[in-house]
>>> print(open('my_file.csv').read())   # CSV, C-alpha atoms and all ligand atoms
chain,number,residue,atom,x,y,z
A,28,MET,CA,-25.2,1.5,-0.2
A,29,ASN,CA,-24.8,-0.4,3.1
A,30,LYS,CA,-21.5,-1.9,2.5
A,31,PRO,CA,-18.8,-0.9,5.0
A,32,ARG,CA,-16.4,1.6,3.6
A,33,VAL,CA,-12.7,1.1,3.3
A,34,LEU,CA,-10.0,3.5,2.3
A,35,SER,CA,-6.3,2.9,1.7
A,36,GLY,CA,-3.4,4.6,0.1
A,37,ILE,CA,-0.1,3.6,-1.5
A,38,GLN,CA,2.9,5.8,-2.2
A,39,PRO,CA,4.1,6.2,-5.8
A,40,THR,CA,7.7,6.1,-4.7
A,41,ASN,CA,8.8,3.3,-6.9
A,42,GLY,CA,8.7,2.6,-10.6
A,43,SER,CA,7.4,-0.9,-10.0
A,44,PHE,CA,5.5,-2.5,-7.2
A,45,HIS,CA,7.2,-5.6,-5.9
A,46,LEU,CA,5.6,-8.9,-5.0
A,47,GLY,CA,5.5,-7.9,-1.3
A,48,ASN,CA,3.3,-4.9,-2.1
A,49,TYR,CA,1.0,-7.1,-4.0
A,50,LEU,CA,0.7,-10.0,-1.7
A,51,GLY,CA,0.8,-7.8,1.5
A,52,ALA,CA,-1.7,-5.2,0.4
A,53,VAL,CA,-3.0,-4.8,-3.2
A,54,LYS,CA,-4.3,-8.3,-3.4
A,55,GLN,CA,-6.5,-7.6,-0.4
A,56,TRP,CA,-7.6,-4.3,-2.0
A,57,VAL,CA,-8.8,-6.2,-5.0
A,58,GLU,CA,-10.8,-8.6,-2.8
A,59,LEU,CA,-12.3,-5.7,-0.7
A,60,GLN,CA,-13.6,-3.8,-3.7
A,61,GLU,CA,-16.3,-6.5,-4.0
A,62,SER,CA,-17.4,-6.7,-0.4
A,63,HIS,CA,-16.9,-3.0,0.6
A,64,ASP,CA,-17.4,0.5,-0.7
A,65,ALA,CA,-13.7,1.0,-1.5
A,66,PHE,CA,-11.7,4.1,-1.9
A,67,TYR,CA,-8.1,3.7,-3.0
A,68,CYS,CA,-5.7,6.6,-3.5
A,69,VAL,CA,-2.2,6.9,-4.8
A,70,VAL,CA,-0.8,9.3,-2.2
A,71,ASP,CA,1.5,11.5,-4.3
A,72,LEU,CA,1.4,14.3,-1.7
A,73,HIS,CA,2.9,11.9,0.9
A,74,ALA,CA,5.6,11.0,-1.6
A,75,LEU,CA,6.7,14.6,-1.7
A,76,THR,CA,8.2,14.1,1.8
A,77,SER,CA,11.1,12.3,0.2
A,78,SER,CA,11.7,15.1,-2.3
A,79,PRO,CA,11.4,13.0,-5.5
A,80,ASP,CA,12.6,14.1,-8.9
A,81,PRO,CA,9.5,15.7,-10.6
A,82,LYS,CA,9.9,13.5,-13.7
A,83,GLU,CA,10.2,10.4,-11.6
A,84,LEU,CA,7.2,11.3,-9.5
A,85,ARG,CA,5.0,11.9,-12.5
A,86,LYS,CA,6.1,8.6,-14.0
A,87,ASN,CA,5.8,6.7,-10.8
A,88,THR,CA,2.3,8.0,-10.1
A,89,LEU,CA,1.0,6.9,-13.5
A,90,THR,CA,2.9,3.6,-13.2
A,91,SER,CA,1.3,3.0,-9.8
A,92,VAL,CA,-2.2,3.6,-11.2
A,93,ALA,CA,-1.5,1.3,-14.2
A,94,GLN,CA,-0.3,-1.5,-12.0
A,95,LEU,CA,-3.3,-1.2,-9.6
A,96,LEU,CA,-5.6,-1.5,-12.6
A,97,ALA,CA,-3.5,-4.4,-14.1
A,98,LEU,CA,-3.5,-6.2,-10.7
A,99,GLY,CA,-7.3,-6.2,-10.6
A,100,LEU,CA,-8.7,-2.9,-9.3
A,101,ASN,CA,-11.8,-2.1,-11.3
A,102,PRO,CA,-12.9,1.5,-11.5
A,103,ASP,CA,-16.5,0.4,-11.7
A,104,HIS,CA,-16.2,-1.4,-8.4
A,105,CYS,CA,-14.1,1.0,-6.4
A,106,THR,CA,-13.1,4.7,-6.4
A,107,LEU,CA,-9.5,4.9,-7.6
A,108,PHE,CA,-7.9,8.4,-7.6
A,109,VAL,CA,-4.7,10.4,-7.1
A,110,GLN,CA,-4.6,12.2,-3.7
A,111,SER,CA,-3.5,15.6,-5.1
A,112,HIS,CA,-6.5,15.6,-7.5
A,113,VAL,CA,-8.7,16.1,-4.5
A,114,PRO,CA,-7.8,19.4,-2.7
A,115,ALA,CA,-9.9,18.4,0.3
A,116,HIS,CA,-7.0,16.3,1.5
A,117,ASN,CA,-4.9,19.4,2.2
A,118,GLN,CA,-7.9,21.3,3.6
A,119,LEU,CA,-8.6,18.7,6.2
A,120,ALA,CA,-5.0,18.0,6.9
A,121,TRP,CA,-4.5,21.6,8.2
A,122,VAL,CA,-7.4,21.2,10.6
A,123,MET,CA,-5.8,17.9,11.8
A,124,GLU,CA,-2.5,19.6,12.3
A,125,CYS,CA,-4.0,22.3,14.4
A,126,MET,CA,-5.5,19.6,16.6
A,127,THR,CA,-2.4,17.5,17.1
A,128,GLY,CA,0.1,18.1,19.9
A,129,MET,CA,3.8,18.5,19.1
A,130,GLY,CA,4.6,15.7,21.6
A,131,GLU,CA,2.0,13.4,20.0
A,132,ALA,CA,3.4,14.0,16.5
A,133,SER,CA,7.0,13.6,17.8
A,134,ARG,CA,6.2,10.2,19.1
A,135,MET,CA,5.4,8.8,15.7
A,136,THR,CA,8.0,6.1,15.0
A,137,GLN,CA,8.4,6.9,11.4
A,138,PHE,CA,9.3,10.5,12.3
A,139,LYS,CA,11.6,9.4,15.1
A,140,ASP,CA,13.4,6.9,12.9
A,141,LYS,CA,13.9,9.4,10.1
A,142,SER,CA,14.9,12.3,12.3
A,143,GLN,CA,17.4,10.1,14.1
A,144,LYS,CA,19.0,9.3,10.7
A,145,THR,CA,18.9,12.8,9.3
A,146,GLY,CA,18.8,15.0,12.4
A,147,THR,CA,15.8,17.2,13.3
A,148,ASP,CA,17.4,20.2,11.8
A,149,ARG,CA,17.4,18.9,8.3
A,150,ILE,CA,14.4,16.7,8.2
A,151,GLY,CA,11.4,18.1,6.3
A,152,VAL,CA,8.4,19.4,8.2
A,153,GLY,CA,6.4,17.2,5.9
A,154,VAL,CA,7.8,14.1,7.5
A,155,PHE,CA,6.5,15.5,10.8
A,156,THR,CA,3.0,16.3,9.5
A,157,TYR,CA,2.8,13.2,7.4
A,158,PRO,CA,0.5,11.4,9.9
A,159,MET,CA,-2.0,14.3,10.0
A,160,LEU,CA,-2.3,14.2,6.2
A,161,MET,CA,-2.9,10.5,6.4
A,162,ALA,CA,-5.6,11.0,9.1
A,163,ALA,CA,-7.2,13.5,6.7
A,164,ASP,CA,-7.1,10.9,3.9
A,165,ILE,CA,-9.0,8.5,6.0
A,166,LEU,CA,-11.5,10.8,7.8
A,167,LEU,CA,-12.5,12.6,4.7
A,168,TYR,CA,-14.2,9.5,3.4
A,169,GLN,CA,-15.8,8.4,6.7
A,170,ALA,CA,-14.0,5.1,6.3
A,171,ASP,CA,-15.0,2.3,8.6
A,172,GLN,CA,-11.9,0.3,8.0
A,173,VAL,CA,-8.4,1.0,6.8
A,174,PRO,CA,-6.5,-2.0,5.3
A,175,VAL,CA,-2.8,-1.4,6.0
A,176,GLY,CA,0.2,-3.3,7.1
A,177,GLU,CA,1.4,-3.7,10.7
A,178,ASP,CA,3.8,-0.8,10.2
A,179,GLN,CA,0.9,1.6,9.9
A,180,ARG,CA,-0.8,0.7,13.2
A,181,GLN,CA,0.4,3.8,15.0
A,182,HIS,CA,-0.9,6.1,12.3
A,183,ILE,CA,-4.3,4.5,12.5
A,184,GLU,CA,-4.3,5.0,16.3
A,185,LEU,CA,-3.5,8.7,15.8
A,186,THR,CA,-6.3,9.0,13.3
A,187,ARG,CA,-8.7,7.5,15.7
A,188,ASP,CA,-7.6,9.8,18.5
A,189,LEU,CA,-7.9,12.9,16.3
A,190,ALA,CA,-11.4,11.8,15.1
A,191,GLU,CA,-12.5,11.3,18.7
A,192,ARG,CA,-11.0,14.6,19.7
A,193,PHE,CA,-12.8,16.4,16.9
A,194,ASN,CA,-16.1,14.7,17.6
A,195,THR,CA,-15.9,15.5,21.4
A,196,THR,CA,-15.1,19.1,20.8
A,197,TYR,CA,-17.2,20.0,17.8
A,198,GLY,CA,-19.9,17.3,17.6
A,199,LYS,CA,-20.0,14.0,15.8
A,200,ALA,CA,-18.8,14.6,12.3
A,201,LEU,CA,-16.2,12.0,11.7
A,202,THR,CA,-16.4,8.2,11.6
A,203,ILE,CA,-13.9,6.5,13.9
A,204,PRO,CA,-12.0,4.1,11.6
A,205,GLU,CA,-10.8,0.7,12.6
A,206,GLY,CA,-7.4,-0.6,11.4
A,207,TYR,CA,-7.8,-3.6,9.3
A,208,ILE,CA,-4.4,-4.9,9.8
A,209,LEU,CA,-3.5,-7.2,6.9
A,210,LYS,CA,-2.8,-10.8,8.0
A,211,SER,CA,0.8,-11.8,8.0
A,212,GLY,CA,-0.1,-14.9,6.0
A,213,ALA,CA,1.2,-13.4,2.8
A,214,LYS,CA,4.2,-11.7,4.3
A,215,ILE,CA,7.0,-12.0,1.8
A,216,TYR,CA,10.7,-11.8,2.5
A,217,ASP,CA,13.8,-10.7,0.6
A,218,LEU,CA,15.0,-13.6,-1.7
A,219,GLN,CA,18.6,-12.9,-0.7
A,220,ASP,CA,17.9,-12.2,3.0
A,221,PRO,CA,14.8,-14.0,4.2
A,222,SER,CA,15.2,-12.4,7.6
A,223,SER,CA,14.0,-9.0,6.3
A,224,LYS,CA,10.8,-8.0,4.6
A,225,MET,CA,10.8,-7.8,0.8
A,226,SER,CA,11.2,-4.1,0.4
A,227,LYS,CA,12.5,-1.5,-2.0
A,228,SER,CA,14.7,0.0,0.7
A,229,THR,CA,17.2,-3.0,0.7
A,230,GLU,CA,20.5,-2.2,-0.9
A,231,SER,CA,20.4,-4.8,-3.7
A,232,LEU,CA,17.5,-5.4,-6.0
A,233,SER,CA,18.4,-9.1,-6.4
A,234,GLY,CA,16.1,-10.1,-3.6
A,235,LEU,CA,13.1,-8.2,-4.9
A,236,ILE,CA,10.5,-9.5,-7.4
A,237,GLU,CA,9.2,-6.6,-9.3
A,238,ILE,CA,5.8,-6.7,-11.0
A,239,LEU,CA,7.1,-5.0,-14.1
A,240,ASP,CA,10.3,-6.8,-14.5
A,241,THR,CA,10.8,-9.1,-17.5
A,242,PRO,CA,10.1,-12.8,-17.0
A,243,GLU,CA,13.9,-13.4,-17.7
A,244,VAL,CA,15.0,-11.1,-14.8
A,245,ASN,CA,12.5,-12.6,-12.3
A,246,THR,CA,13.3,-16.1,-13.3
A,247,LYS,CA,16.9,-15.4,-12.7
A,248,LYS,CA,16.3,-13.8,-9.3
A,249,ILE,CA,14.2,-16.7,-8.1
A,250,LYS,CA,16.7,-19.3,-9.3
A,251,SER,CA,19.4,-17.5,-7.4
A,252,ALA,CA,17.3,-17.1,-4.3
A,253,ILE,CA,19.2,-18.1,-1.2
A,254,THR,CA,18.3,-21.5,0.2
A,255,ASP,CA,18.9,-23.3,3.4
A,256,THR,CA,21.0,-26.2,4.5
A,257,GLY,CA,19.4,-29.6,4.0
A,258,ARG,CA,17.6,-30.5,0.8
A,259,GLU,CA,14.0,-31.0,1.7
A,260,ILE,CA,11.2,-28.8,0.6
A,261,LYS,CA,9.6,-28.1,4.0
A,262,PHE,CA,8.0,-25.1,5.6
A,263,HIS,CA,9.9,-24.2,8.7
A,264,THR,CA,10.5,-20.5,9.1
A,265,GLN,CA,13.4,-20.9,11.6
A,266,GLU,CA,15.3,-23.7,10.0
A,267,LYS,CA,14.4,-23.0,6.5
A,268,PRO,CA,13.5,-19.3,6.0
A,269,GLY,CA,14.5,-19.3,2.4
A,270,ILE,CA,12.5,-22.3,1.3
A,271,SER,CA,9.6,-21.2,3.5
A,272,ASN,CA,9.5,-17.8,1.8
A,273,LEU,CA,9.4,-19.5,-1.6
A,274,LEU,CA,6.7,-21.8,-0.4
A,275,THR,CA,4.6,-18.8,0.7
A,276,ILE,CA,5.1,-17.2,-2.7
A,277,PHE,CA,4.2,-20.4,-4.6
A,278,SER,CA,1.1,-21.0,-2.4
A,279,ALA,CA,-0.2,-17.4,-2.6
A,280,LEU,CA,0.1,-17.3,-6.4
A,281,SER,CA,-1.0,-20.8,-7.2
A,282,GLY,CA,-3.8,-21.1,-4.7
A,283,LYS,CA,-2.3,-24.5,-3.6
A,284,SER,CA,-1.8,-25.2,0.0
A,285,VAL,CA,1.8,-25.3,1.4
A,286,THR,CA,1.2,-28.9,2.5
A,287,ASP,CA,0.2,-29.9,-1.0
A,288,ILE,CA,3.2,-28.2,-2.5
A,289,GLU,CA,5.5,-30.0,0.0
A,290,LYS,CA,3.9,-33.3,-1.0
A,291,ASP,CA,4.4,-32.5,-4.7
A,292,PHE,CA,8.1,-31.9,-4.1
A,293,GLU,CA,8.8,-34.8,-1.9
A,294,GLY,CA,12.1,-36.4,-3.0
A,295,LYS,CA,12.9,-33.5,-5.3
A,296,GLY,CA,15.6,-31.0,-4.8
A,297,TYR,CA,15.9,-27.2,-4.4
A,298,GLY,CA,16.7,-26.8,-8.1
A,299,ASP,CA,13.5,-28.3,-9.3
A,300,PHE,CA,11.5,-26.4,-6.7
A,301,LYS,CA,13.0,-23.1,-7.6
A,302,GLY,CA,12.3,-23.7,-11.2
A,303,ALA,CA,8.7,-24.4,-10.4
A,304,VAL,CA,8.4,-21.3,-8.2
A,305,ALA,CA,9.9,-19.2,-11.0
A,306,GLU,CA,7.3,-20.5,-13.5
A,307,VAL,CA,4.4,-19.8,-11.2
A,308,VAL,CA,5.6,-16.2,-10.5
A,309,VAL,CA,6.4,-15.5,-14.1
A,310,GLU,CA,3.1,-16.9,-15.5
A,311,TYR,CA,1.1,-15.0,-12.8
A,312,LEU,CA,2.8,-11.7,-13.6
A,313,ARG,CA,3.0,-12.1,-17.4
A,314,PRO,CA,-0.6,-10.8,-18.1
A,315,VAL,CA,-0.3,-8.2,-15.3
A,316,ARG,CA,2.9,-6.7,-16.8
A,317,ALA,CA,1.3,-6.7,-20.3
A,318,LYS,CA,-1.8,-5.0,-19.1
A,319,ALA,CA,0.1,-2.4,-17.2
A,320,LEU,CA,2.3,-1.6,-20.2
A,321,GLU,CA,-0.8,-1.4,-22.4
A,322,LEU,CA,-2.4,1.1,-20.0
A,323,LEU,CA,0.8,3.2,-19.8
A,324,ASP,CA,0.7,3.3,-23.6
A,325,ASP,CA,-2.6,5.1,-23.5
A,326,PRO,CA,-2.3,8.1,-21.2
A,327,THR,CA,-5.6,9.6,-22.3
A,328,HIS,CA,-7.5,6.6,-21.2
A,329,LEU,CA,-5.6,6.5,-17.9
A,330,SER,CA,-6.3,10.2,-17.2
A,331,LYS,CA,-10.0,9.6,-18.0
A,332,ILE,CA,-10.1,6.9,-15.3
A,333,LEU,CA,-8.4,9.2,-12.9
A,334,HIS,CA,-10.6,12.1,-13.7
A,335,ALA,CA,-13.7,10.0,-13.0
A,336,GLY,CA,-12.1,8.7,-9.8
A,337,ALA,CA,-11.3,12.2,-8.5
A,338,GLU,CA,-14.8,13.4,-9.2
A,339,LYS,CA,-16.4,10.5,-7.3
A,340,ALA,CA,-13.9,11.0,-4.4
A,341,ALA,CA,-14.4,14.8,-4.2
A,342,VAL,CA,-18.1,14.5,-3.8
A,343,VAL,CA,-17.6,12.6,-0.5
A,344,ALA,CA,-14.5,14.5,0.6
A,345,ASP,CA,-15.9,18.0,0.0
A,346,LYS,CA,-19.0,17.2,2.0
A,347,THR,CA,-16.8,16.2,5.0
A,348,VAL,CA,-14.7,19.4,4.7
A,349,ALA,CA,-17.8,21.6,4.5
A,350,ASP,CA,-19.2,20.0,7.6
A,351,VAL,CA,-15.9,20.2,9.5
A,352,TYR,CA,-15.3,23.8,8.4
A,353,GLU,CA,-18.7,24.8,9.6
A,354,ARG,CA,-18.3,23.1,12.9
A,355,ILE,CA,-15.0,24.7,13.7
A,356,GLY,CA,-16.3,28.2,12.9
A,357,LEU,CA,-15.0,29.0,9.4
A,358,ILE,CA,-17.7,30.9,7.6
A,359,PRO,CA,-18.7,29.6,4.2
A,360,ARG,CA,-17.8,31.5,1.0
A,361,ALA,CA,-21.0,33.1,-0.3
A,401,LIG,N1,1.4,5.8,5.1
A,401,LIG,C1,0.9,4.8,4.3
A,401,LIG,C2,2.1,3.9,3.9
A,401,LIG,O1,3.2,4.3,3.9
A,401,LIG,C3,0.3,5.3,3.0
A,401,LIG,C4,-1.0,6.1,3.2
A,401,LIG,C5,-1.2,7.4,3.1
A,401,LIG,C6,-2.2,5.5,3.7
A,401,LIG,N2,-2.4,7.7,3.4
A,401,LIG,C7,-3.1,6.6,3.7
A,401,LIG,C8,-2.6,4.2,4.0
A,401,LIG,C9,-4.4,6.4,4.1
A,401,LIG,C10,-3.9,4.0,4.4
A,401,LIG,C11,-4.8,5.1,4.5
A,401,LIG,O2,1.9,2.7,3.6
>>> encode(input="my_file.csv", output="structure tokens")
Amino acid sequence: MNKPRVLSGIQPTNGSFHLGNYLGAVKQWVELQESHDAFYCVVDLHALTSSPDPKELRKNTLTSVAQLLALGLNPDHCTLFVQSHVPAHNQLAWVMECMTGMGEASRMTQFKDKSQKTGTDRIGVGVFTYPMLMAADILLYQADQVPVGEDQRQHIELTRDLAERFNTTYGKALTIPEGYILKSGAKIYDLQDPSSKMSKSTESLSGLIEILDTPEVNTKKIKSAITDTGREIKFHTQEKPGISNLLTIFSALSGKSVTDIEKDFEGKGYGDFKGAVAEVVVEYLRPVRAKALELLDDPTHLSKILHAGAEKAAVVADKTVADVYERIGLIPRA
């Protein structure tokens, strides 16, 4: 196969993905599975860094997989798997940790932010080594490109540095990946606070459209989205951040251009517009939610898909580990 390879990962930290996850990342994953040799993993080992409740983690991992499938990932067109099902991730991560400087790892903004909040004494070592595990995720599959959001740029840089360091020291074994930083075109903001990204970390859930929420809940959230002064439906991120956000959502899910939507709503008010946005969102998500719930109802089928995914992933990953282990001087088990 000559298609370029992509790898990406998503954490199973929440019960439901939100619209920001979908429009900012998963939608691109779905597109890339046709043009690329795509590997996608639910990174449950990374989720351990936030000490989740075991029951929640199990549930969220399966729910993440079900949603990825419901949103359009096709196991015949990509390799979809759970990170912990492929032990090679930990095997390569250790090698990466041994090649990373303390200073280098301490400069990672995610670690810096979290240790500032918690204090370095209490923060888990896993938060510190998180980027090396992520580098292993990527390098195991010899990925050419890594579709991620802007916030992951620094992790990709570290991954590239580590791959180059390895190749220079031990010979060329690892593909140097490129970040494929997802365009900000579909960046979605909180419905109640359009100055911040739609994200699960916000205090209130009222600004968040969750994929698995009922149509009633999502309709209500959209109808109570914050709007701006004036009454025109116009895209202007500074003057009309609320309406602009709704226009982005409408456009991304309907395929209509923002200009066309503006025209359609000329002379109409915010109320009409919000009603229409709610309808687009709810109708888009209705079959997705149904499909995800159906998949979750059949755990045997889900685990078969994951078994097959892990098998496919392990073939590639184990080969990289064997090559890396040999090059660094670990003797193979007879
Ligand atoms: N750190 C990524 C995030 O929080 C998740 C992730 C883990 C990832 N491993 C990866 C993304 C490998 C891309 C490739 O979004």
>>> closest_atom_pairs(input="my_file.csv", of="region 183-222 of chain A", to="region 350-358 of chain A", cutoff="8 Å", atoms="all atoms listed in the file", output="Markdown table")
| residue | atom | partner | partner_atom | distance |
| --- | --- | --- | --- | --- |
| A:Tyr197 | CA | A:Arg354 | CA | 5.9 |
| A:Gly198 | CA | A:Arg354 | CA | 7.6 |
| A:Ala200 | CA | A:Val351 | CA | 6.9 |
>>> write_last_selection(input="my_file.csv", atoms="C-alpha atoms", output="PDB file, in the frame of the given file")
ATOM      1  CA  TYR A 197     -17.200  20.000  17.800  1.00  0.00           C
ATOM      2  CA  GLY A 198     -19.900  17.300  17.600  1.00  0.00           C
ATOM      3  CA  ALA A 200     -18.800  14.600  12.300  1.00  0.00           C
TER       4      ALA A 200
END
>>> residues_near_ligand(input="my_file.csv", ligand="ligand LIG 401 (chain A)", cutoff="7 Å", atoms="only C-alpha atoms and all ligand atoms", output="PDB file with C-alpha atoms, keeping the file's coordinate frame")
ATOM      1  CA  LEU A  34     -10.000   3.500   2.300  1.00  0.00           C
ATOM      2  CA  SER A  35      -6.300   2.900   1.700  1.00  0.00           C
ATOM      3  CA  GLY A  36      -3.400   4.600   0.100  1.00  0.00           C
ATOM      4  CA  ILE A  37      -0.100   3.600  -1.500  1.00  0.00           C
ATOM      5  CA  GLN A  38       2.900   5.800  -2.200  1.00  0.00           C
ATOM      6  CA  VAL A  70      -0.800   9.300  -2.200  1.00  0.00           C
ATOM      7  CA  HIS A  73       2.900  11.900   0.900  1.00  0.00           C
ATOM      8  CA  MET A 161      -2.900  10.500   6.400  1.00  0.00           C
ATOM      9  CA  ALA A 162      -5.600  11.000   9.100  1.00  0.00           C
ATOM     10  CA  ASP A 164      -7.100  10.900   3.900  1.00  0.00           C
ATOM     11  CA  ILE A 165      -9.000   8.500   6.000  1.00  0.00           C
ATOM     12  CA  VAL A 173      -8.400   1.000   6.800  1.00  0.00           C
ATOM     13  CA  PRO A 174      -6.500  -2.000   5.300  1.00  0.00           C
ATOM     14  CA  VAL A 175      -2.800  -1.400   6.000  1.00  0.00           C
ATOM     15  CA  GLN A 179       0.900   1.600   9.900  1.00  0.00           C
TER      16      GLN A 179
END
>>> closest_residue(input="my_file.csv", among="A:Phe138, A:Tyr207, A:Tyr157, A:Phe66", to="Gln169 (chain A)", atoms="all atoms listed in the file")
A:Phe66
>>> residues_around(input="my_file.csv", residues="Ala115 (chain A)", least_positions_apart="5", cutoff="12 Å", atoms="only C-alpha atoms", output="ChimeraX atom specification")
/A:110,120-122,160,163-168,337-338,340-352
>>> closest_residue(input="my_file.csv", among="A:Pro221, A:Pro79, A:Gly336, A:Gly151", to="Tyr67 (chain A)", atoms="only C-alpha atoms")
A:Gly336
>>> atom_distance(input="my_file.csv", atom1="CA of Ile288 (chain A)", atom2="CA of Phe300 (chain A)")
9.5 Å
>>> atom_distance(input="my_file.csv", atom1="CA of Ser43 (chain A)", atom2="CA of Lys224 (chain A)")
16.6 Å
>>> atom_distance(input="my_file.csv", atom1="CA of Ser231 (chain A)", atom2="CA of Gly42 (chain A)")
15.5 Å
>>> closest_residue(input="my_file.csv", among="A:Leu280, A:Leu320, A:Ile215, A:Leu72", to="Thr264 (chain A)", atoms="only C-alpha atoms")
A:Ile215
>>> closest_residue(input="my_file.csv", among="A:Leu84, A:Glu61, A:Asp217, A:Asp188", to="Glu230 (chain A)", atoms="all atoms listed in the file")
A:Asp217
>>> closest_residue(input="my_file.csv", among="A:Asp178, A:Glu237, A:Glu289, A:Glu243", to="Phe262 (chain A)", atoms="all atoms listed in the file")
A:Glu289
>>> residues_around(input="my_file.csv", residues="region 101-103 of chain A", least_positions_apart="4", cutoff="9 Å", atoms="only C-alpha atoms", output="list in words")
Val57, Gln60, Leu95, Leu96, Leu107, Ile332, Ala335 and Gly336 of chain A
>>> residues_near_point(input="my_file.csv", point="(-1.9, 18.0, 10.9)", cutoff="12 Å", atoms="only C-alpha atoms", output="count of residues only")
32
>>> residues_around(input="my_file.csv", residues="region 225-229 of chain A", least_positions_apart="3", cutoff="9 Å", atoms="all atoms listed in the file", output="JSON, numbers by chain")
{"A": [41, 44, 45, 46, 47, 48, 214, 215, 216, 217, 218, 220, 221, 232, 234, 235, 236]}
>>> closest_residue(input="my_file.csv", among="A:Asp324, A:Thr286, A:Ile238, A:Lys339", to="Tyr311 (chain A)", atoms="all atoms listed in the file")
A:Ile238
>>> residues_near_point(input="my_file.csv", point="(12.7, -21.7, -6.7)", cutoff="7 Å", atoms="all atoms listed in the file", output="CSV table (one decimal) with C-alpha atoms, in the coordinates of the input")
chain,number,residue,atom,x,y,z
A,249,ILE,CA,14.2,-16.7,-8.1
A,250,LYS,CA,16.7,-19.3,-9.3
A,252,ALA,CA,17.3,-17.1,-4.3
A,273,LEU,CA,9.4,-19.5,-1.6
A,297,TYR,CA,15.9,-27.2,-4.4
A,298,GLY,CA,16.7,-26.8,-8.1
A,300,PHE,CA,11.5,-26.4,-6.7
A,301,LYS,CA,13.0,-23.1,-7.6
A,302,GLY,CA,12.3,-23.7,-11.2
A,303,ALA,CA,8.7,-24.4,-10.4
A,304,VAL,CA,8.4,-21.3,-8.2
A,305,ALA,CA,9.9,-19.2,-11.0
>>> residues_around(input="my_file.csv", residues="Thr136 (chain A)", least_positions_apart="3", cutoff="8 Å", atoms="all atoms listed in the file", output="ChimeraX atom specification")
/A:139-140,181
>>> residues_around(input="my_file.csv", residues="Ala190 (chain A)", least_positions_apart="4", cutoff="7 Å", atoms="all atoms listed in the file", output="PyMOL selection string")
chain A and resi 186+194+201+203
